[in-house]
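Listing of my_file18.cif; format and content: mmCIF, C-alpha atoms and all ligand atoms.
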data_query
loop_
_atom_site.label_atom_id
_atom_site.label_comp_id
_atom_site.auth_asym_id
_atom_site.auth_seq_id
_atom_site.Cartn_x
_atom_site.Cartn_y
_atom_site.Cartn_z
CA MET A 19 -31.60 11.15 38.02
CA THR A 20 -29.11 14.05 38.08
CA HIS A 21 -31.37 16.70 39.66
CA VAL A 22 -32.99 15.98 43.03
CA ASN A 23 -36.11 17.95 43.90
CA THR A 24 -37.67 15.90 46.64
CA GLY A 25 -37.76 16.27 50.44
CA ILE A 26 -36.19 19.39 51.94
CA ARG A 27 -34.53 20.24 48.61
CA LYS A 28 -38.00 20.66 47.01
CA ILE A 29 -38.55 24.01 48.75
CA LEU A 30 -35.49 25.49 47.00
CA GLU A 31 -37.63 25.46 43.87
CA LEU A 32 -39.62 28.32 45.36
CA PRO A 33 -37.83 31.40 43.99
CA PHE A 34 -38.14 33.41 47.22
CA VAL A 35 -36.79 30.48 49.31
CA TYR A 36 -33.89 30.03 46.86
CA ASN A 37 -33.04 33.76 47.10
CA LEU A 38 -33.39 33.74 50.89
CA PHE A 39 -31.06 30.72 51.16
CA HIS A 40 -28.36 32.53 49.18
CA ASN A 41 -28.82 35.73 51.22
CA ILE A 42 -28.34 33.81 54.46
CA THR A 43 -25.35 31.76 53.30
CA GLY A 44 -23.62 34.79 51.75
CA GLY A 45 -23.93 33.38 48.22
CA ASN A 46 -25.67 36.49 46.89
CA ALA A 47 -23.00 38.87 48.22
CA PHE A 48 -20.35 36.77 46.45
CA ARG A 49 -22.28 36.87 43.17
CA LYS A 50 -21.92 40.65 42.73
CA GLU A 51 -18.14 40.30 42.82
CA TYR A 52 -18.31 37.16 40.67
CA PHE A 53 -20.31 38.73 37.84
CA ASN A 54 -17.97 41.75 37.80
CA LYS A 55 -14.94 39.49 37.57
CA TYR A 56 -16.14 37.15 34.81
CA PHE A 57 -18.46 39.22 32.60
CA ASP A 58 -17.29 42.17 30.57
CA LEU A 59 -20.62 43.45 29.26
CA SER A 60 -21.80 46.74 27.85
CA ASP A 61 -25.15 48.08 26.65
CA GLY A 62 -26.38 45.91 23.80
CA SER A 63 -24.28 42.83 24.68
CA LYS A 64 -26.15 39.64 23.83
CA VAL A 65 -26.30 37.20 26.72
CA LEU A 66 -27.77 33.71 27.10
CA ASP A 67 -28.27 32.42 30.66
CA ILE A 68 -28.93 28.68 30.78
CA GLY A 69 -30.39 27.35 34.04
CA CYS A 70 -31.28 30.96 34.85
CA GLY A 71 -33.25 30.02 37.99
CA SER A 72 -34.80 33.05 39.68
CA GLY A 73 -32.96 35.52 37.41
CA VAL A 74 -29.96 36.09 39.69
CA MET A 75 -27.80 37.25 36.76
CA LEU A 76 -30.11 40.17 35.94
CA GLU A 77 -29.95 41.23 39.59
CA ASN A 78 -26.18 41.57 39.23
CA ILE A 79 -25.67 43.14 35.79
CA LYS A 80 -26.01 46.89 35.34
CA SER A 81 -25.71 47.20 31.55
CA GLU A 82 -28.77 47.20 29.28
CA ILE A 83 -28.04 43.80 27.79
CA GLU A 84 -30.10 41.76 25.31
CA TYR A 85 -30.89 38.90 27.65
CA TYR A 86 -32.36 35.41 27.16
CA GLY A 87 -32.95 33.04 30.10
CA VAL A 88 -33.72 29.30 29.92
CA ASP A 89 -34.75 26.94 32.74
CA PHE A 90 -36.71 23.69 32.97
CA GLU A 91 -38.51 24.68 36.19
CA LYS A 92 -41.71 26.43 35.19
CA GLY A 93 -41.98 28.13 38.61
CA TYR A 94 -38.66 29.94 38.03
CA ILE A 95 -39.64 31.00 34.51
CA ASP A 96 -43.02 32.34 35.70
CA TYR A 97 -41.23 34.26 38.46
CA CYS A 98 -38.69 35.70 35.96
CA ASN A 99 -41.42 36.72 33.52
CA GLU A 100 -43.22 38.55 36.30
CA LYS A 101 -40.15 40.22 37.80
CA TYR A 102 -37.89 40.78 34.77
CA GLY A 103 -40.27 40.40 31.80
CA ASN A 104 -39.31 43.90 30.57
CA ARG A 105 -35.58 43.07 30.63
CA GLY A 106 -35.40 39.84 28.67
CA GLN A 107 -37.07 36.78 27.20
CA PHE A 108 -37.53 33.55 29.13
CA PHE A 109 -37.95 29.98 27.89
CA ASN A 110 -39.21 27.01 29.86
CA GLU A 111 -36.99 24.30 28.31
CA LYS A 112 -34.68 21.50 29.26
CA VAL A 113 -31.07 21.46 28.06
CA GLY A 114 -30.91 19.42 24.86
CA GLU A 115 -34.56 19.95 23.87
CA VAL A 116 -34.15 22.74 21.35
CA ILE A 117 -31.44 24.14 19.06
CA ARG A 118 -32.22 27.59 17.66
CA THR A 119 -30.57 28.36 14.33
CA GLU A 120 -31.13 32.10 14.91
CA TRP A 121 -28.81 31.86 17.92
CA LEU A 122 -25.83 30.44 16.00
CA ASP A 123 -22.78 32.78 16.37
CA TYR A 124 -25.09 35.25 18.13
CA PHE A 125 -23.99 35.65 21.75
CA ASP A 126 -21.20 37.69 23.30
CA ALA A 127 -21.48 35.80 26.56
CA MET A 128 -23.20 32.81 28.09
CA ASN A 129 -23.80 32.03 31.74
CA ALA A 130 -24.48 28.56 33.16
CA HIS A 131 -24.19 29.18 36.88
CA GLY A 132 -24.71 26.03 38.91
CA LEU A 133 -25.94 23.95 35.97
CA ILE A 134 -23.44 21.32 34.77
CA HIS A 135 -23.59 19.35 38.01
CA HIS A 136 -27.37 18.99 37.52
CA LEU A 137 -26.95 17.47 34.06
CA SER A 138 -26.28 13.94 32.85
CA ASP A 139 -22.92 13.50 31.11
CA ASP A 140 -24.70 13.52 27.72
CA ASP A 141 -26.57 16.74 28.52
CA GLY A 142 -23.34 18.31 29.80
CA GLU A 143 -21.71 17.49 26.45
CA PHE A 144 -24.72 18.94 24.62
CA LEU A 145 -24.57 22.14 26.67
CA LEU A 146 -20.93 22.84 25.85
CA LYS A 147 -21.23 21.80 22.21
CA SER A 148 -24.23 24.08 21.66
CA ALA A 149 -22.60 26.91 23.67
CA TYR A 150 -19.63 26.83 21.28
CA LYS A 151 -22.02 27.10 18.34
CA TYR A 152 -24.08 29.91 19.92
CA LEU A 153 -21.08 32.12 20.76
CA LYS A 154 -19.51 34.63 18.40
CA PRO A 155 -15.75 34.27 17.93
CA GLY A 156 -14.27 35.93 21.01
CA GLY A 157 -17.42 35.11 23.00
CA TYR A 158 -17.25 33.15 26.22
CA LEU A 159 -19.17 30.77 28.47
CA VAL A 160 -18.81 31.02 32.24
CA THR A 161 -19.78 28.10 34.46
CA PHE A 162 -19.73 27.70 38.24
CA ASP A 163 -20.37 24.30 39.76
CA THR A 164 -20.24 22.56 43.07
CA ALA A 165 -17.06 20.48 42.96
CA TYR A 166 -14.84 17.85 44.49
CA HIS A 167 -11.15 18.68 44.55
CA ASP A 168 -7.81 17.58 45.99
CA ASN A 169 -7.26 18.31 49.69
CA GLN A 170 -10.97 18.95 50.32
CA SER A 171 -12.21 18.87 53.93
CA SER A 172 -14.60 16.04 54.86
CA ALA A 173 -17.27 18.61 55.81
CA SER A 174 -17.09 20.13 52.34
CA LYS A 175 -17.17 16.69 50.67
CA TRP A 176 -20.23 15.73 52.70
CA LEU A 177 -22.13 18.95 51.97
CA VAL A 178 -21.27 18.78 48.29
CA SER A 179 -22.63 15.21 48.17
CA LYS A 180 -26.02 16.55 49.38
CA ASP A 181 -26.36 19.07 46.53
CA ARG A 182 -29.58 19.05 44.45
CA GLY A 183 -27.33 18.38 41.48
CA GLN A 184 -26.33 14.71 41.51
CA ASN A 185 -23.53 14.81 38.95
CA VAL A 186 -20.94 16.81 40.88
CA LYS A 187 -17.51 16.23 39.35
CA HIS A 188 -13.90 16.58 40.40
CA THR A 189 -12.31 19.80 39.10
CA LYS A 190 -10.13 17.70 36.75
CA ASP A 191 -13.24 16.23 35.10
CA TYR A 192 -14.90 19.63 34.67
CA LEU A 193 -11.71 20.80 32.94
CA LYS A 194 -11.58 17.70 30.76
CA LEU A 195 -15.16 18.35 29.60
CA ALA A 196 -14.49 22.04 28.88
CA GLU A 197 -11.24 21.41 27.03
CA LYS A 198 -12.97 18.94 24.75
CA HIS A 199 -15.14 21.74 23.35
CA PHE A 200 -13.20 25.01 23.82
CA ASP A 201 -9.68 26.09 22.81
CA ARG A 202 -9.11 28.35 25.82
CA VAL A 203 -10.25 27.43 29.32
CA GLU A 204 -9.45 29.09 32.63
CA GLY A 205 -10.50 27.42 35.90
CA LYS A 206 -10.55 28.54 39.54
CA ILE A 207 -11.55 26.71 42.73
CA TYR A 208 -13.62 28.61 45.31
CA THR A 209 -13.67 27.26 48.86
CA ASN A 210 -14.91 30.27 50.85
CA TYR A 211 -17.56 31.96 48.74
CA SER A 212 -20.32 31.04 51.17
CA ARG A 213 -20.66 30.86 54.96
CA LEU A 214 -20.98 27.09 54.52
CA PRO A 215 -17.89 24.93 53.89
CA TYR A 216 -18.81 24.43 50.25
CA SER A 217 -16.49 24.14 47.26
CA ALA A 218 -17.14 25.20 43.70
CA PHE A 219 -15.23 25.42 40.45
CA ALA A 220 -15.59 28.31 38.00
CA MET A 221 -14.54 28.00 34.36
CA LYS A 222 -14.34 30.65 31.65
CA MET A 223 -14.33 29.04 28.21
CA ILE A 224 -13.43 31.27 25.31
CA LYS A 225 -14.24 30.68 21.64
CA THR A 226 -11.23 31.94 19.73
C1 LIG B 1 -28.22 25.73 41.25
S1 LIG B 1 -29.52 26.38 40.30
C2 LIG B 1 -28.77 27.86 39.66
C3 LIG B 1 -29.76 28.91 39.25
C4 LIG B 1 -29.15 30.23 38.79
N1 LIG B 1 -28.31 30.06 37.63
C5 LIG B 1 -28.39 30.90 39.91
O1 LIG B 1 -27.22 31.21 39.72
O2 LIG B 1 -28.97 31.11 40.97
C6 LIG B 1 -29.56 25.31 38.85
C7 LIG B 1 -30.64 25.70 37.88
O3 LIG B 1 -30.57 24.85 36.74
C8 LIG B 1 -31.88 24.43 36.38
N2 LIG B 1 -31.75 23.15 35.67
C9 LIG B 1 -31.31 21.97 36.18
N3 LIG B 1 -31.29 21.01 35.23
C10 LIG B 1 -31.72 21.60 34.09
C11 LIG B 1 -31.91 21.13 32.76
N4 LIG B 1 -31.67 19.86 32.42
N5 LIG B 1 -32.36 22.01 31.82
C12 LIG B 1 -32.60 23.31 32.15
N6 LIG B 1 -32.45 23.81 33.41
C13 LIG B 1 -32.01 22.97 34.37
C14 LIG B 1 -32.62 24.35 37.71
O4 LIG B 1 -34.01 24.43 37.56
C15 LIG B 1 -32.04 25.54 38.46
O5 LIG B 1 -32.74 26.71 38.21
#
Now, as a test, write the supplied structure out as C-alpha cells.
Amino acid sequence: MTHVNTGIRKILELPFVYNLFHNITGGNAFRKEYFNKYFDLSDGSKVLDIGCGSGVMLENIKSEIEYYGVDFEKGYIDYCNEKYGNRGQFFNEKVGEVIRTEWLDYFDAMNAHGLIHHLSDDDGEFLLKSAYKYLKPGGYLVTFDTAYHDNQSSASKWLVSKDRGQNVKHTKDYLKLAEKHFDRVEGKIYTNYSRLPYSAFAMKMIKT
C-alpha cells in the first residue's frame, strides 16, 4: 500500500479540506511562485496534469492552455469537473491503467505534483516511461515530492514519514529514477516552502 487514506488522512480527500490545509500551511502561496518558475506556458500549450487532485494547477496558471487532468480519487475528479469543467477534461484513472495513443508526442508540459511518492516503484517507472512518450521533443515533466535528504532535521524526517504517500524516497533515488528515463534532469530540494518543517524535491525532466 503506497497511498494511505485512512484515519485523519482520510479527510484530506475532501477537496475543500485539502485546499484549506494548504492555505493554512502556506503551501498554496508557494505554489504560485512554483508554477511561474517551472512552467513556461502560453495560450494553446498542451498540458497533462497527473494526480491533479483538486485542480490546483489550474488555479495557478493564467494562460488559456489545453488542459487534461487525471486522478484516481473520484471525489477530486467530480470537484474538478464542477469547478473547472469549462477549462479542461478530467479522467478518473489510476496511473498505469490506460495508455492513449492520441497523446503520444502531444504535450508541451506535464505536471505530477506530489504524485511519485504515492506510487509503487513499478507505477513510478510507468509514469516516467509514459511521460517521455507523451511529451513532444523539447517538452518537460515537472515533479515535486516529499523527500528524505542528507542533513535533514529529525522533525522533518518524522513529518515526512507520516505523509499519505508511503513511498517517499531520498533525493538521490528520485534522481536515479528520473535519469533512467530522461536525458536532462534538474533537481532542487525545498526545505521551507511550508510553515511546517517539511522537505520536498522538485525535478524538471526535459525530453531533448
Ligand atoms: C499530494 S496529492 C497532490 C494533488 C495535486 N497535484 C496538488 O498539487 O495539490 C497526490 C494526488 O495523487 C493522486 N494519486 C495518488 N496515487 C495515484 C495513482 N496511483 N493514480 C492516480 N492518481 C493518484 C491522489 O488522489 C492525489 O490527488
Which residues form the shell of 7 Å around ligand LIG 1 (chain B) when you count all atoms listed in the file, given as a JSON list (two decimals) with C-alpha atoms, in the coordinates of the input?
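Produced file selection_39.json, reproduced below:
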[["chain", "number", "residue", "atom", "x", "y", "z"],
["A", 21, "HIS", "CA", -31.37, 16.70, 39.66],
["A", 68, "ILE", "CA", -28.93, 28.68, 30.78],
["A", 69, "GLY", "CA", -30.39, 27.35, 34.04],
["A", 70, "CYS", "CA", -31.28, 30.96, 34.85],
["A", 71, "GLY", "CA", -33.25, 30.02, 37.99],
["A", 72, "SER", "CA", -34.80, 33.05, 39.68],
["A", 73, "GLY", "CA", -32.96, 35.52, 37.41],
["A", 74, "VAL", "CA", -29.96, 36.09, 39.69],
["A", 75, "MET", "CA", -27.80, 37.25, 36.76],
["A", 88, "VAL", "CA", -33.72, 29.30, 29.92],
["A", 89, "ASP", "CA", -34.75, 26.94, 32.74],
["A", 90, "PHE", "CA", -36.71, 23.69, 32.97],
["A", 91, "GLU", "CA", -38.51, 24.68, 36.19],
["A", 94, "TYR", "CA", -38.66, 29.94, 38.03],
["A", 111, "GLU", "CA", -36.99, 24.30, 28.31],
["A", 112, "LYS", "CA", -34.68, 21.50, 29.26],
["A", 113, "VAL", "CA", -31.07, 21.46, 28.06],
["A", 130, "ALA", "CA", -24.48, 28.56, 33.16],
["A", 131, "HIS", "CA", -24.19, 29.18, 36.88],
["A", 132, "GLY", "CA", -24.71, 26.03, 38.91],
["A", 133, "LEU", "CA", -25.94, 23.95, 35.97],
["A", 136, "HIS", "CA", -27.37, 18.99, 37.52],
["A", 137, "LEU", "CA", -26.95, 17.47, 34.06]]
Counting only C-alpha atoms, what is within 6 Å of region 213-221 of chain A, bar same-chain residues fewer than 6 positions away, as a PyMOL selection string? chain A and resi 43-44+160-165+174+204-207
Selection to disk with C-alpha atoms, as a tab-separated table (two decimals), keeping the file's coordinate frame:
chain	number	residue	atom	x	y	z
A	43	THR	CA	-25.35	31.76	53.30
A	44	GLY	CA	-23.62	34.79	51.75
A	160	VAL	CA	-18.81	31.02	32.24
A	161	THR	CA	-19.78	28.10	34.46
A	162	PHE	CA	-19.73	27.70	38.24
A	163	ASP	CA	-20.37	24.30	39.76
A	164	THR	CA	-20.24	22.56	43.07
A	165	ALA	CA	-17.06	20.48	42.96
A	174	SER	CA	-17.09	20.13	52.34
A	204	GLU	CA	-9.45	29.09	32.63
A	205	GLY	CA	-10.50	27.42	35.90
A	206	LYS	CA	-10.55	28.54	39.54
A	207	ILE	CA	-11.55	26.71	42.73
Please determine the residues with any atom at most 10 Å from (-29.9, 29.1, 19.2) (coordinates as given in the file, with all atoms listed in the file counting) and report them as number ranges by chain. A: 66, 116-125, 148-149, 151-153
If you count all atoms listed in the file, the residue of A:Asn110, A:Ser81, A:Thr20, A:Thr209 closest to Val186 (chain A) turns out to be A:Thr20
CA of Ala173 (chain A) to CA of Glu143 (chain A): how many Å, to one decimal?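 CA of Ala173 (chain A) sits 29.7 Å away from CA of Glu143 (chain A).
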Have a look at CA of Asp96 (chain A) and CA of Leu59 (chain A) and let me know their distance in Å, one decimal.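 Atom-to-atom, CA of Asp96 (chain A) to CA of Leu59 (chain A), that is 25.8 Å.
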Do a neighbour search on Tyr150 (chain A) at 12 Å with all atoms listed in the file, toss out local chain neighbours closer than 3 positions, and write the hits as a PyMOL selection string. chain A and resi 121-128+143-147+153-160+196-202+223-226
First collect every listed atom of region 84-102 of chain A; then fit an axis-aligned box around them, widen it by 3 Å on each side, and give centre and edge lengths in Å to one decimal, as JSON.
{"center_x": -36.7, "center_y": 32.7, "center_z": 32.0, "size_x": 19.1, "size_y": 24.1, "size_z": 19.3}
Out of A:Ile83, A:Val178, A:Ile95, A:Ala47, which residue has the shortest atom-to-atom distance to Gly62 (chain A) when counting all atoms listed in the file?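 Closest to Gly62 (chain A), using all atoms listed in the file: A:Ile83.
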With all atoms listed in the file as the atoms that count, which of A:Val65, A:Ile134, A:Leu195, A:Ile79 lies nearest to Gln107 (chain A)?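 Under the stated criterion, the closest residue is A:Val65.
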Looking at A:Tyr166, A:Lys222, A:Asn46, A:Asp140, which one is nearest to Val203 (chain A), with distances taken over all atoms listed in the file?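 Counting all atoms listed in the file, the residue closest to Val203 (chain A) is A:Lys222.
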Quick one: pull the distance between CA of Tyr211 (chain A) and CA of Tyr102 (chain A), Å, one decimal. 26.2 Å
Nearest to Gly87 (chain A): which of A:Ser179, A:Phe108, A:Glu100, A:Gln170 is it, counting only C-alpha atoms?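 That would be A:Phe108, the residue with the smallest distance to Gly87 (chain A).
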Just write region 27-163 of chain A with C-alpha atoms, as a compact mmCIF listing (two decimals), in the first residue's frame, taken from the block above.
# COMPACT_ATOMS: atom_id res chain seq x y z
CA ARG A 27 -5.51 11.44 6.49
CA LYS A 28 -8.90 10.38 5.03
CA ILE A 29 -10.32 13.90 5.40
CA LEU A 30 -7.64 15.29 3.06
CA GLU A 31 -9.56 13.56 0.29
CA LEU A 32 -12.25 16.20 0.69
CA PRO A 33 -11.19 18.86 -1.84
CA PHE A 34 -12.12 21.81 0.40
CA VAL A 35 -10.20 20.31 3.37
CA TYR A 36 -7.17 19.67 1.13
CA ASN A 37 -7.26 23.30 -0.11
CA LEU A 38 -7.77 24.64 3.42
CA PHE A 39 -4.79 22.61 4.69
CA HIS A 40 -2.52 24.12 2.04
CA ASN A 41 -3.83 27.64 2.74
CA ILE A 42 -3.05 27.27 6.43
CA THR A 43 0.40 25.71 5.99
CA GLY A 44 1.42 28.25 3.31
CA GLY A 45 1.61 25.57 0.60
CA ASN A 46 -0.77 27.43 -1.71
CA ALA A 47 1.19 30.70 -1.53
CA PHE A 48 4.35 28.79 -2.51
CA ARG A 49 2.60 27.16 -5.48
CA LYS A 50 2.05 30.46 -7.33
CA GLU A 51 5.80 31.10 -7.31
CA TYR A 52 6.49 27.43 -8.10
CA PHE A 53 4.29 27.28 -11.21
CA ASN A 54 5.84 30.52 -12.50
CA LYS A 55 9.33 29.14 -12.02
CA TYR A 56 8.86 25.72 -13.62
CA PHE A 57 6.21 26.17 -16.33
CA ASP A 58 6.72 28.31 -19.38
CA LEU A 59 3.24 28.16 -20.90
CA SER A 60 1.37 30.27 -23.40
CA ASP A 61 -2.14 30.21 -24.84
CA GLY A 62 -2.69 26.90 -26.58
CA SER A 63 0.05 24.99 -24.72
CA LYS A 64 -0.95 21.36 -24.19
CA VAL A 65 -0.64 20.24 -20.59
CA LEU A 66 -1.24 16.93 -18.84
CA ASP A 67 -1.58 17.00 -15.04
CA ILE A 68 -1.32 13.55 -13.47
CA GLY A 69 -2.56 13.25 -9.88
CA CYS A 70 -4.33 16.57 -10.45
CA GLY A 71 -6.15 16.45 -7.09
CA SER A 72 -8.46 19.43 -6.60
CA GLY A 73 -7.17 21.21 -9.73
CA VAL A 74 -4.50 23.31 -8.00
CA MET A 75 -2.55 23.74 -11.25
CA LEU A 76 -5.46 25.49 -13.00
CA GLU A 77 -5.73 27.86 -10.04
CA ASN A 78 -2.14 28.94 -10.69
CA ILE A 79 -1.87 29.15 -14.50
CA LYS A 80 -3.08 32.25 -16.31
CA SER A 81 -2.70 31.15 -19.95
CA GLU A 82 -5.56 29.55 -21.89
CA ILE A 83 -3.96 26.13 -22.01
CA GLU A 84 -5.36 22.87 -23.42
CA TYR A 85 -5.54 21.02 -20.13
CA TYR A 86 -6.11 17.36 -19.19
CA GLY A 87 -6.24 16.22 -15.54
CA VAL A 88 -6.07 12.63 -14.25
CA ASP A 89 -6.63 11.34 -10.70
CA PHE A 90 -7.75 8.05 -9.15
CA GLU A 91 -9.88 9.73 -6.46
CA LYS A 92 -13.36 10.15 -7.88
CA GLY A 93 -14.18 12.90 -5.35
CA TYR A 94 -11.38 15.09 -6.75
CA ILE A 95 -12.42 14.47 -10.35
CA ASP A 96 -16.08 15.31 -9.59
CA TYR A 97 -14.93 18.51 -7.86
CA CYS A 98 -12.70 19.44 -10.85
CA ASN A 99 -15.48 18.78 -13.34
CA GLU A 100 -17.80 21.04 -11.38
CA LYS A 101 -15.29 23.83 -10.79
CA TYR A 102 -13.10 23.73 -13.91
CA GLY A 103 -15.19 21.69 -16.39
CA ASN A 104 -15.04 24.57 -18.90
CA ARG A 105 -11.23 24.75 -18.72
CA GLY A 106 -10.19 21.16 -19.31
CA GLN A 107 -11.00 17.48 -19.43
CA PHE A 108 -10.75 15.21 -16.40
CA PHE A 109 -10.24 11.45 -16.17
CA ASN A 110 -10.84 9.24 -13.15
CA GLU A 111 -7.97 6.76 -13.68
CA LYS A 112 -5.10 5.17 -11.85
CA VAL A 113 -1.53 5.55 -13.14
CA GLY A 114 -0.73 2.55 -15.32
CA GLU A 115 -4.36 1.77 -16.26
CA VAL A 116 -4.52 3.41 -19.66
CA ILE A 117 -2.13 4.44 -22.45
CA ARG A 118 -3.65 6.80 -25.01
CA THR A 119 -2.09 6.62 -28.46
CA GLU A 120 -3.56 10.05 -29.32
CA TRP A 121 -1.39 11.53 -26.56
CA LEU A 122 1.93 10.25 -27.95
CA ASP A 123 4.30 13.20 -28.65
CA TYR A 124 1.39 15.53 -27.85
CA PHE A 125 2.19 17.53 -24.71
CA ASP A 126 4.34 20.61 -24.20
CA ALA A 127 4.38 20.09 -20.46
CA MET A 128 3.36 17.59 -17.82
CA ASN A 129 2.81 18.13 -14.12
CA ALA A 130 2.92 15.41 -11.46
CA HIS A 131 2.88 17.45 -8.27
CA GLY A 132 3.05 15.28 -5.18
CA LEU A 133 2.49 12.02 -7.04
CA ILE A 134 5.60 9.80 -7.28
CA HIS A 135 5.78 9.24 -3.53
CA HIS A 136 2.23 7.83 -3.65
CA LEU A 137 3.16 5.25 -6.29
CA SER A 138 4.71 1.80 -6.10
CA ASP A 139 8.15 1.55 -7.72
CA ASP A 140 6.58 -0.15 -10.76
CA ASP A 141 3.95 2.59 -11.16
CA GLY A 142 6.65 5.25 -10.74
CA GLU A 143 8.58 3.64 -13.60
CA PHE A 144 5.39 3.51 -15.69
CA LEU A 145 4.67 7.19 -15.01
CA LEU A 146 8.07 8.37 -16.23
CA LYS A 147 8.19 5.99 -19.17
CA SER A 148 4.76 7.09 -20.40
CA ALA A 149 5.57 10.78 -19.70
CA TYR A 150 8.57 10.52 -22.02
CA LYS A 151 6.32 9.06 -24.73
CA TYR A 152 3.58 11.68 -24.22
CA LEU A 153 5.91 14.69 -24.44
CA LYS A 154 6.94 16.41 -27.65
CA PRO A 155 10.69 16.81 -28.14
CA GLY A 156 11.58 19.83 -26.00
CA GLY A 157 8.64 19.10 -23.69
CA TYR A 158 9.13 18.60 -19.98
CA LEU A 159 7.74 16.87 -16.90
CA VAL A 160 7.86 18.62 -13.53
CA THR A 161 7.53 16.62 -10.32
CA PHE A 162 7.50 17.71 -6.69
CA ASP A 163 7.63 15.09 -3.96
